[in-house]
>>> print(open('start.csv').read())   # CSV, C-alpha atoms and all ligand atoms
chain,number,residue,atom,x,y,z
A,1,MET,CA,11.6,13.9,12.7
A,2,ASN,CA,10.9,14.0,8.9
A,3,TYR,CA,7.4,12.5,8.4
A,4,HIS,CA,8.3,10.8,5.1
A,5,SER,CA,10.7,11.4,2.2
A,6,PRO,CA,8.7,10.9,-1.1
A,7,VAL,CA,10.0,8.2,-3.4
A,8,LEU,CA,10.2,8.5,-7.2
A,9,LEU,CA,8.8,12.0,-6.7
A,10,SER,CA,9.3,13.6,-10.1
A,11,GLU,CA,8.9,10.3,-12.1
A,12,SER,CA,5.5,9.5,-10.5
A,13,VAL,CA,4.2,13.0,-10.9
A,14,ASP,CA,5.6,13.4,-14.5
A,15,ALA,CA,3.6,10.2,-15.1
A,16,LEU,CA,0.4,12.0,-14.4
A,17,ASP,CA,1.1,14.3,-17.4
A,18,ILE,CA,-0.6,17.1,-15.4
A,19,LYS,CA,-3.1,19.4,-17.1
A,20,GLU,CA,-3.1,22.9,-15.5
A,21,ASN,CA,-6.8,22.8,-14.7
A,22,GLY,CA,-7.3,19.1,-14.2
A,23,ILE,CA,-8.6,17.1,-11.3
A,24,TYR,CA,-6.1,14.8,-9.6
A,25,VAL,CA,-6.2,12.4,-6.7
A,26,ASP,CA,-3.3,11.3,-4.4
A,27,VAL,CA,-4.7,8.3,-2.6
A,28,THR,CA,-1.8,8.0,-0.2
A,29,PHE,CA,-1.2,11.4,1.2
A,30,GLY,CA,1.2,10.6,4.1
A,31,GLY,CA,3.6,13.5,4.5
A,32,GLY,CA,2.2,15.1,1.4
A,33,GLY,CA,5.4,15.1,-0.6
A,34,HIS,CA,3.6,13.9,-3.8
A,35,SER,CA,0.6,16.1,-3.2
A,36,ARG,CA,2.8,19.3,-2.9
A,37,GLU,CA,4.5,18.4,-6.1
A,38,ILE,CA,1.2,17.9,-7.9
A,39,LEU,CA,-0.1,21.3,-6.5
A,40,SER,CA,3.0,23.0,-7.7
A,41,ARG,CA,2.2,21.9,-11.3
A,42,LEU,CA,-1.5,22.7,-11.2
A,43,GLY,CA,-3.0,26.0,-12.2
A,44,GLU,CA,-5.5,28.2,-10.3
A,45,ASN,CA,-8.5,26.1,-11.3
A,46,GLY,CA,-6.9,22.7,-10.8
A,47,LYS,CA,-8.0,20.5,-8.0
A,48,LEU,CA,-6.3,17.9,-5.8
A,49,PHE,CA,-8.2,15.4,-3.6
A,50,ALA,CA,-6.0,13.3,-1.3
A,51,PHE,CA,-6.8,10.3,0.9
A,52,ASP,CA,-5.2,8.9,4.0
A,53,GLN,CA,-6.8,6.6,6.5
A,54,ASP,CA,-4.3,7.4,9.2
A,55,PRO,CA,-5.4,10.3,11.3
A,56,ASP,CA,-1.7,11.2,11.9
A,57,ALA,CA,-1.5,12.3,8.3
A,58,GLN,CA,-3.9,15.2,9.1
A,59,GLN,CA,-1.0,17.0,10.7
A,60,ASN,CA,0.5,17.5,7.2
A,61,LYS,CA,-2.7,18.9,5.6
A,62,ILE,CA,-1.9,21.6,3.0
A,63,ASP,CA,-3.5,25.0,3.3
A,64,ASP,CA,-4.5,25.6,-0.3
A,65,ASP,CA,-8.0,26.2,-1.8
A,66,ARG,CA,-7.3,23.7,-4.5
A,67,PHE,CA,-6.7,20.9,-2.0
A,68,VAL,CA,-9.1,18.5,-0.1
A,69,LEU,CA,-7.8,15.8,2.3
A,70,ILE,CA,-10.2,12.9,2.9
A,71,ALA,CA,-9.5,10.9,6.0
A,72,GLU,CA,-10.7,7.6,4.5
A,73,ASN,CA,-9.6,4.4,3.0
A,74,PHE,CA,-8.9,4.7,-0.7
A,75,ARG,CA,-10.9,1.5,-1.3
A,76,TYR,CA,-13.9,3.9,-1.3
A,77,ILE,CA,-12.3,6.3,-3.8
A,78,SER,CA,-15.3,6.6,-6.1
A,79,ARG,CA,-17.8,7.0,-3.3
A,80,PHE,CA,-16.0,9.8,-1.6
A,81,LEU,CA,-15.2,11.7,-4.8
A,82,ARG,CA,-18.9,11.5,-5.7
A,83,PHE,CA,-19.6,13.1,-2.4
A,84,TYR,CA,-17.6,16.1,-3.7
A,85,GLY,CA,-19.5,16.0,-7.0
A,86,VAL,CA,-16.6,14.4,-8.9
A,87,LYS,CA,-17.3,11.5,-11.2
A,88,LYS,CA,-14.2,11.7,-13.5
A,89,VAL,CA,-10.6,12.7,-12.8
A,90,ASP,CA,-7.5,13.3,-14.9
A,91,GLY,CA,-5.0,11.3,-12.8
A,92,VAL,CA,-4.7,9.1,-9.8
A,93,LEU,CA,-1.4,8.6,-7.9
A,94,ALA,CA,-0.9,5.8,-5.3
A,95,ASP,CA,2.3,5.4,-3.3
A,96,LEU,CA,1.4,2.2,-1.5
A,97,GLY,CA,2.3,0.8,1.9
A,98,VAL,CA,3.3,2.5,5.1
A,99,SER,CA,5.0,5.8,5.7
A,100,SER,CA,8.4,6.3,7.4
A,101,HIS,CA,6.4,8.0,10.2
A,102,GLN,CA,4.3,4.9,10.7
A,103,PHE,CA,7.5,2.7,10.8
A,104,ASP,CA,9.4,5.1,13.1
A,105,GLU,CA,6.7,5.5,15.7
A,106,ALA,CA,7.5,2.6,18.0
A,107,GLU,CA,4.0,2.3,19.4
A,108,ARG,CA,2.4,1.7,16.0
A,109,GLY,CA,4.0,-1.8,16.0
A,110,PHE,CA,5.1,-1.8,12.4
A,111,SER,CA,8.9,-2.1,13.0
A,112,THR,CA,10.9,-5.1,14.0
A,113,ARG,CA,13.4,-2.6,15.6
A,114,PHE,CA,11.3,-1.7,18.6
A,115,ASP,CA,9.6,-3.6,21.4
A,116,ALA,CA,6.0,-2.5,21.0
A,117,ASP,CA,2.4,-3.7,21.1
A,118,LEU,CA,1.7,-5.8,18.1
A,119,ASP,CA,-0.7,-3.3,16.5
A,120,MET,CA,0.1,-2.5,12.8
A,121,ARG,CA,-3.2,-0.8,12.0
A,122,MET,CA,-2.9,2.0,9.5
A,123,ASN,CA,-6.3,3.2,10.7
A,124,GLN,CA,-6.4,3.1,14.5
A,125,LYS,CA,-10.2,2.9,14.4
A,126,SER,CA,-10.2,-0.5,12.7
A,127,GLN,CA,-10.9,-3.6,14.8
A,128,LEU,CA,-8.2,-6.1,13.6
A,129,SER,CA,-4.7,-5.7,15.0
A,130,ALA,CA,-1.6,-8.0,14.6
A,131,LYS,CA,-2.1,-9.0,18.3
A,132,LYS,CA,-5.6,-10.3,17.5
A,133,ILE,CA,-4.3,-12.3,14.5
A,134,ILE,CA,-1.4,-13.8,16.4
A,135,ASN,CA,-3.6,-14.8,19.4
A,136,SER,CA,-6.8,-15.9,17.7
A,137,TYR,CA,-6.2,-17.2,14.2
A,138,ASP,CA,-6.0,-20.9,14.0
A,139,GLU,CA,-2.8,-22.7,13.0
A,140,LYS,CA,-3.9,-23.1,9.3
A,141,GLN,CA,-4.9,-19.5,9.0
A,142,LEU,CA,-1.6,-18.3,10.4
A,143,ALA,CA,0.4,-20.6,8.2
A,144,ASP,CA,-1.6,-19.4,5.2
A,145,ILE,CA,-0.9,-15.7,5.8
A,146,LEU,CA,2.8,-16.3,6.6
A,147,TYR,CA,3.1,-18.3,3.4
A,148,MET,CA,1.1,-16.1,1.1
A,149,TYR,CA,1.9,-12.6,2.3
A,150,GLY,CA,5.4,-13.2,3.9
A,151,GLU,CA,6.5,-15.8,1.2
A,152,LEU,CA,8.0,-17.8,4.1
A,153,ARG,CA,8.7,-21.4,3.2
A,154,ASN,CA,8.7,-22.5,6.8
A,155,ALA,CA,5.3,-20.9,7.4
A,156,LYS,CA,3.8,-24.1,8.9
A,157,ALA,CA,6.5,-24.5,11.5
A,158,LEU,CA,6.2,-20.8,12.4
A,159,ALA,CA,2.4,-21.1,12.8
A,160,LYS,CA,2.8,-24.2,15.0
A,161,GLU,CA,5.3,-22.4,17.2
A,162,ILE,CA,3.0,-19.4,17.7
A,163,VAL,CA,0.0,-21.6,18.6
A,164,LEU,CA,2.1,-23.6,21.1
A,165,ALA,CA,3.5,-20.5,22.7
A,166,ARG,CA,0.2,-18.7,23.1
A,167,THR,CA,-1.3,-21.5,25.1
A,168,GLU,CA,1.1,-20.6,27.9
A,169,GLN,CA,0.8,-16.8,27.5
A,170,GLU,CA,-0.7,-14.2,25.2
A,171,ILE,CA,1.8,-12.9,22.7
A,172,LYS,CA,1.5,-9.1,23.0
A,173,THR,CA,4.6,-7.5,21.8
A,174,SER,CA,7.0,-7.6,18.8
A,175,PHE,CA,9.9,-8.7,20.9
A,176,GLN,CA,7.8,-11.5,22.5
A,177,LEU,CA,6.9,-12.7,19.0
A,178,LYS,CA,10.6,-12.5,18.0
A,179,GLU,CA,11.5,-14.6,21.0
A,180,VAL,CA,8.8,-17.2,20.3
A,181,LEU,CA,10.1,-17.6,16.7
A,182,GLN,CA,13.8,-17.2,17.4
A,183,ARG,CA,14.8,-20.8,16.7
A,184,HIS,CA,13.2,-20.7,13.3
A,185,LEU,CA,15.1,-17.5,12.2
A,186,PRO,CA,18.3,-18.3,10.3
A,187,LYS,CA,21.2,-16.6,12.0
A,188,ALA,CA,22.5,-14.6,9.1
A,189,LYS,CA,19.1,-13.6,7.8
A,190,GLU,CA,17.2,-13.0,11.1
A,191,ASN,CA,16.2,-9.4,10.2
A,192,LYS,CA,15.1,-10.4,6.7
A,193,PHE,CA,12.9,-13.2,8.0
A,194,LEU,CA,11.4,-11.0,10.7
A,195,ALA,CA,10.6,-8.3,8.1
A,196,GLN,CA,8.8,-10.9,6.1
A,197,ILE,CA,6.8,-12.1,9.1
A,198,PHE,CA,5.9,-8.5,9.9
A,199,GLN,CA,5.0,-7.8,6.3
A,200,ALA,CA,2.6,-10.7,6.3
A,201,LEU,CA,0.9,-9.5,9.5
A,202,ARG,CA,0.7,-6.0,8.2
A,203,ILE,CA,-0.9,-7.1,4.9
A,204,GLU,CA,-3.5,-9.1,6.8
A,205,VAL,CA,-4.3,-6.4,9.4
A,206,ASN,CA,-4.9,-3.8,6.7
A,207,GLU,CA,-6.3,-6.1,4.0
A,208,GLU,CA,-3.8,-4.5,1.7
A,209,LEU,CA,-4.1,-6.7,-1.3
A,210,GLN,CA,-7.9,-6.8,-1.2
A,211,VAL,CA,-8.0,-3.0,-0.9
A,212,LEU,CA,-5.6,-2.6,-3.8
A,213,LYS,CA,-7.8,-4.8,-6.0
A,214,GLU,CA,-10.9,-2.9,-5.1
A,215,PHE,CA,-9.1,0.4,-5.8
A,216,LEU,CA,-7.7,-0.7,-9.2
A,217,GLN,CA,-11.1,-2.0,-10.3
A,218,GLN,CA,-12.6,1.5,-9.9
A,219,ILE,CA,-9.9,3.2,-12.0
A,220,PRO,CA,-11.2,2.6,-15.5
A,221,ASP,CA,-14.5,4.2,-14.8
A,222,LEU,CA,-12.9,7.1,-12.9
A,223,LEU,CA,-10.4,8.2,-15.5
A,224,ASN,CA,-11.1,10.8,-18.2
A,225,GLU,CA,-9.8,10.1,-21.7
A,226,ASN,CA,-6.0,10.4,-21.6
A,227,GLY,CA,-6.2,10.3,-17.8
A,228,ARG,CA,-3.3,8.6,-16.0
A,229,LEU,CA,-2.8,6.1,-13.2
A,230,SER,CA,0.6,6.2,-11.5
A,231,VAL,CA,1.3,3.5,-8.9
A,232,ILE,CA,4.4,2.9,-6.8
A,233,SER,CA,4.5,-0.4,-5.0
A,234,TYR,CA,7.1,-1.9,-2.6
A,235,HIS,CA,6.7,-5.6,-2.7
A,236,SER,CA,6.1,-8.2,-5.4
A,237,LEU,CA,2.6,-9.1,-4.2
A,238,GLU,CA,1.4,-5.6,-4.8
A,239,ASP,CA,3.3,-5.1,-8.0
A,240,ARG,CA,2.0,-8.3,-9.4
A,241,LEU,CA,-1.6,-7.1,-8.9
A,242,VAL,CA,-0.9,-3.8,-10.5
A,243,LYS,CA,1.0,-5.3,-13.4
A,244,ARG,CA,-1.7,-7.9,-14.1
A,245,PHE,CA,-4.6,-5.5,-13.9
A,246,ILE,CA,-2.9,-3.1,-16.4
A,247,GLN,CA,-1.9,-5.9,-18.8
A,248,THR,CA,-5.1,-8.1,-18.7
A,249,GLY,CA,-7.8,-6.2,-16.8
A,250,ASN,CA,-7.9,-9.0,-14.1
A,251,PHE,CA,-5.8,-10.3,-11.3
A,252,ASP,CA,-5.1,-13.8,-12.6
A,253,GLY,CA,-3.2,-12.4,-15.6
A,254,LYS,CA,-5.5,-14.2,-18.1
A,255,MET,CA,-6.0,-12.7,-21.5
A,256,ILE,CA,-9.7,-12.5,-22.2
A,257,LYS,CA,-10.4,-12.0,-25.9
A,258,ASP,CA,-13.6,-10.9,-27.7
A,259,PHE,CA,-15.1,-12.5,-30.8
A,260,TYR,CA,-12.6,-10.7,-33.0
A,261,GLY,CA,-9.6,-11.8,-30.9
A,262,ASN,CA,-9.1,-8.3,-29.3
A,263,ILE,CA,-7.9,-8.5,-25.7
A,264,GLN,CA,-10.6,-7.1,-23.4
A,265,LYS,CA,-8.8,-4.8,-21.0
A,266,PRO,CA,-9.7,-1.4,-19.8
A,267,LEU,CA,-6.1,0.0,-19.3
A,268,LYS,CA,-2.8,-0.1,-21.0
A,269,ASN,CA,0.8,0.6,-20.0
A,270,VAL,CA,2.4,3.9,-20.5
A,271,GLY,CA,6.1,3.2,-21.0
A,272,LYS,CA,8.0,0.6,-19.0
A,273,MET,CA,8.1,0.0,-15.3
A,274,VAL,CA,10.3,2.7,-13.6
A,275,ILE,CA,12.7,2.1,-10.6
A,276,PRO,CA,14.6,4.6,-8.6
A,277,THR,CA,18.1,5.7,-9.6
A,278,LYS,CA,21.1,4.5,-7.7
A,279,GLU,CA,21.5,8.0,-6.3
A,280,GLU,CA,17.9,8.0,-5.0
A,281,ILE,CA,18.5,4.7,-3.3
A,282,ALA,CA,21.7,5.9,-1.8
A,283,GLU,CA,19.9,8.9,-0.3
A,284,ASN,CA,16.8,7.1,0.7
A,285,ASN,CA,17.0,3.4,1.5
A,286,ARG,CA,13.3,3.0,1.6
A,287,ALA,CA,13.3,3.6,-2.2
A,288,ARG,CA,15.2,0.4,-2.8
A,289,SER,CA,12.2,-1.8,-3.6
A,290,ALA,CA,10.0,0.8,-5.3
A,291,LYS,CA,8.5,0.0,-8.7
A,292,LEU,CA,6.4,2.6,-10.6
A,293,ARG,CA,3.8,1.5,-13.2
A,294,ILE,CA,1.9,4.0,-15.3
A,295,ALA,CA,-1.3,3.3,-17.2
A,296,THR,CA,-4.0,5.1,-19.2
A,297,LEU,CA,-7.3,4.0,-20.7
A,298,ASN,CA,-7.0,1.4,-23.5
B,301,LIG,C1,4.1,5.4,1.5
B,301,LIG,S1,3.1,6.5,2.4
B,301,LIG,C2,2.8,7.8,1.3
B,301,LIG,C3,3.8,8.9,1.4
B,301,LIG,C4,3.5,10.1,0.6
B,301,LIG,N1,3.4,9.8,-0.9
B,301,LIG,C5,4.5,11.2,0.8
B,301,LIG,O1,5.1,11.7,-0.1
B,301,LIG,O2,4.6,11.6,2.0
B,301,LIG,C6,1.5,5.7,2.4
B,301,LIG,C7,0.4,6.4,3.1
B,301,LIG,O3,-0.8,5.9,2.6
B,301,LIG,C8,-1.7,5.6,3.6
B,301,LIG,N2,-2.5,4.5,3.2
B,301,LIG,C9,-2.0,3.2,2.9
B,301,LIG,N3,-3.1,2.5,2.5
B,301,LIG,C10,-4.2,3.3,2.6
B,301,LIG,C11,-5.5,3.0,2.3
B,301,LIG,N4,-6.0,1.9,1.9
B,301,LIG,N5,-6.4,4.1,2.3
B,301,LIG,C12,-5.9,5.3,2.7
B,301,LIG,N6,-4.7,5.6,3.1
B,301,LIG,C13,-3.8,4.6,3.0
B,301,LIG,C14,-0.8,5.3,4.8
B,301,LIG,O4,-1.5,5.6,6.0
B,301,LIG,C15,0.4,6.2,4.6
B,301,LIG,O5,0.3,7.4,5.2
>>> encode(input="start.csv", output="structure tokens")
Amino acid sequence: MNYHSPVLLSESVDALDIKENGIYVDVTFGGGGHSREILSRLGENGKLFAFDQDPDAQQNKIDDDRFVLIAENFRYISRFLRFYGVKKVDGVLADLGVSSHQFDEAERGFSTRFDADLDMRMNQKSQLSAKKIINSYDEKQLADILYMYGELRNAKALAKEIVLARTEQEIKTSFQLKEVLQRHLPKAKENKFLAQIFQALRIEVNEELQVLKEFLQQIPDLLNENGRLSVISYHSLEDRLVKRFIQTGNFDGKMIKDFYGNIQKPLKNVGKMVIPTKEEIAENNRARSAKLRIATLN
């Protein structure tokens, strides 16, 4: 099966404005679609570092002297680049979230379609799984993550139901969770609700928003002059962080001005937000929620 079809491929790589001999980073290697496109535009002395915390991504490693794949979390981007003697780069691309491979492998537990262990770890070495969250977080913690990360208005009722059900029996699988919550899922929107519940758990398991913040904060010091940041996000919680950080340099979206009234922010937008064409969405349904933001140093 196809590991992953890259989304907004030419748009996100065009955004990097690739210099032939530049140094670039693809922090979400996955199936390597974006990495291959970057390499095709790089000259002999160019360099591409890629990150992926999922050991499965190693199977897509590209055999090319200009390419290095780092099997780590991109929250440590600066630290690992420094290990390779790299302090500054010409562009960083992030295609956030999970790959089709991760969704389609039933046992990874990301999909509402299969009955699988509630896992959802992108890095199988990490300690926290969705099962642990469902069976050990208290009612308030559960309600908070369902509300904040799943944007579910009935989060409190869902959390209560989970806590009640698990006193009888541990909730181990995705279908068990679905059954426990069944009466709270509106008939016509069952799949949408479940997807939101799974999204919330996935974000908590992988600390996705915290990781994204830590990553973005390192970008201003990493980019060379005229260097580019190209970020594709797939839900509003991620996109909001990217948008605010580019516009204001912080995650609250507050404009901080200096004595002269100049806004203190390290990055600025390059062009407007880009979304996939109708044709791309028709060909690849996973592109439907993608949003690309591009930035450079201010
Ligand atoms: C949407 S896919 C990227 C697909 C890739 N652009 C392609 O064309 O095949 C996201 C990938 O990033 C990885 N990933 C997500 N968050 C990560 C993180 N914090 N650190 C390292 N890898 C991460 C996932 O394991 C997944 O393989």
>>> residues_near_point(input="start.csv", point="(-1.2, -19.5, 8.3)", cutoff="12 Å", atoms="all atoms listed in the file", output="PyMOL selection string")
chain A and resi 133-134+136-163+197+200-201+204
>>> residues_around(input="start.csv", residues="range 166-176 of chain A", least_positions_apart="5", cutoff="10 Å", atoms="all atoms listed in the file", output="number ranges by chain")
A: 109-119, 130-132, 134-136, 161, 181-182, 194, 198
>>> closest_residue(input="start.csv", among="A:Ile294, A:Ala287, A:Phe251, A:Phe80", to="Leu16 in chain A", atoms="all atoms listed in the file")
A:Ile294
>>> residues_around(input="start.csv", residues="Val89 in chain A", least_positions_apart="2", cutoff="8 Å", atoms="only C-alpha atoms", output="list in words")
Gly22, Ile23, Tyr24, Val25, Val86, Lys87, Gly91, Val92, Leu222, Leu223, Asn224 and Gly227 of chain A
>>> residues_near_ligand(input="start.csv", ligand="ligand LIG 301 (chain B)", cutoff="8 Å", atoms="only C-alpha atoms and all ligand atoms", output="PyMOL selection string")
chain A and resi 3-7+9+26-35+51-54+56-57+71-75+94-102+122-123+206+208+211-212
>>> atom_distance(input="start.csv", atom1="CA of Ser233 in chain A", atom2="CA of Lys265 in chain A")
21.3 Å
>>> closest_residue(input="start.csv", among="A:Asn298, A:Gln210, A:Gln124, A:Ser10", to="Gly249 in chain A", atoms="all atoms listed in the file")
A:Asn298
>>> atom_distance(input="start.csv", atom1="CA of Glu44 in chain A", atom2="CA of Phe215 in chain A")
28.4 Å
>>> atom_distance(input="start.csv", atom1="CA of Phe193 in chain A", atom2="CA of Phe103 in chain A")
17.0 Å
>>> residues_around(input="start.csv", residues="Gly271 in chain A", least_positions_apart="2", cutoff="12 Å", atoms="all atoms listed in the file", output="PyMOL selection string")
chain A and resi 11+15+228+230+246+268-269+273-274+292-296
>>> closest_residue(input="start.csv", among="A:Lys254, A:Leu267, A:Tyr260, A:Asp65", to="Leu229 in chain A", atoms="all atoms listed in the file")
A:Leu267
>>> closest_residue(input="start.csv", among="A:Lys291, A:Lys192, A:Arg202, A:Lys257", to="Arg240 in chain A", atoms="all atoms listed in the file")
A:Lys291
>>> closest_residue(input="start.csv", among="A:Lys88, A:Lys213, A:Arg108, A:Lys278", to="Glu225 in chain A", atoms="all atoms listed in the file")
A:Lys88
>>> axis_aligned_box(input="start.csv", around="range 56-73 of chain A", padding_each_side="6 Å", output="AutoDock Vina command-line options")
--center_x -5.1 --center_y 15.3 --center_z 3.7 --size_x 23.2 --size_y 33.8 --size_z 28.4
>>> closest_residue(input="start.csv", among="A:His184, A:Lys19, A:His235, A:Lys61", to="Leu209 in chain A", atoms="all atoms listed in the file")
A:His235
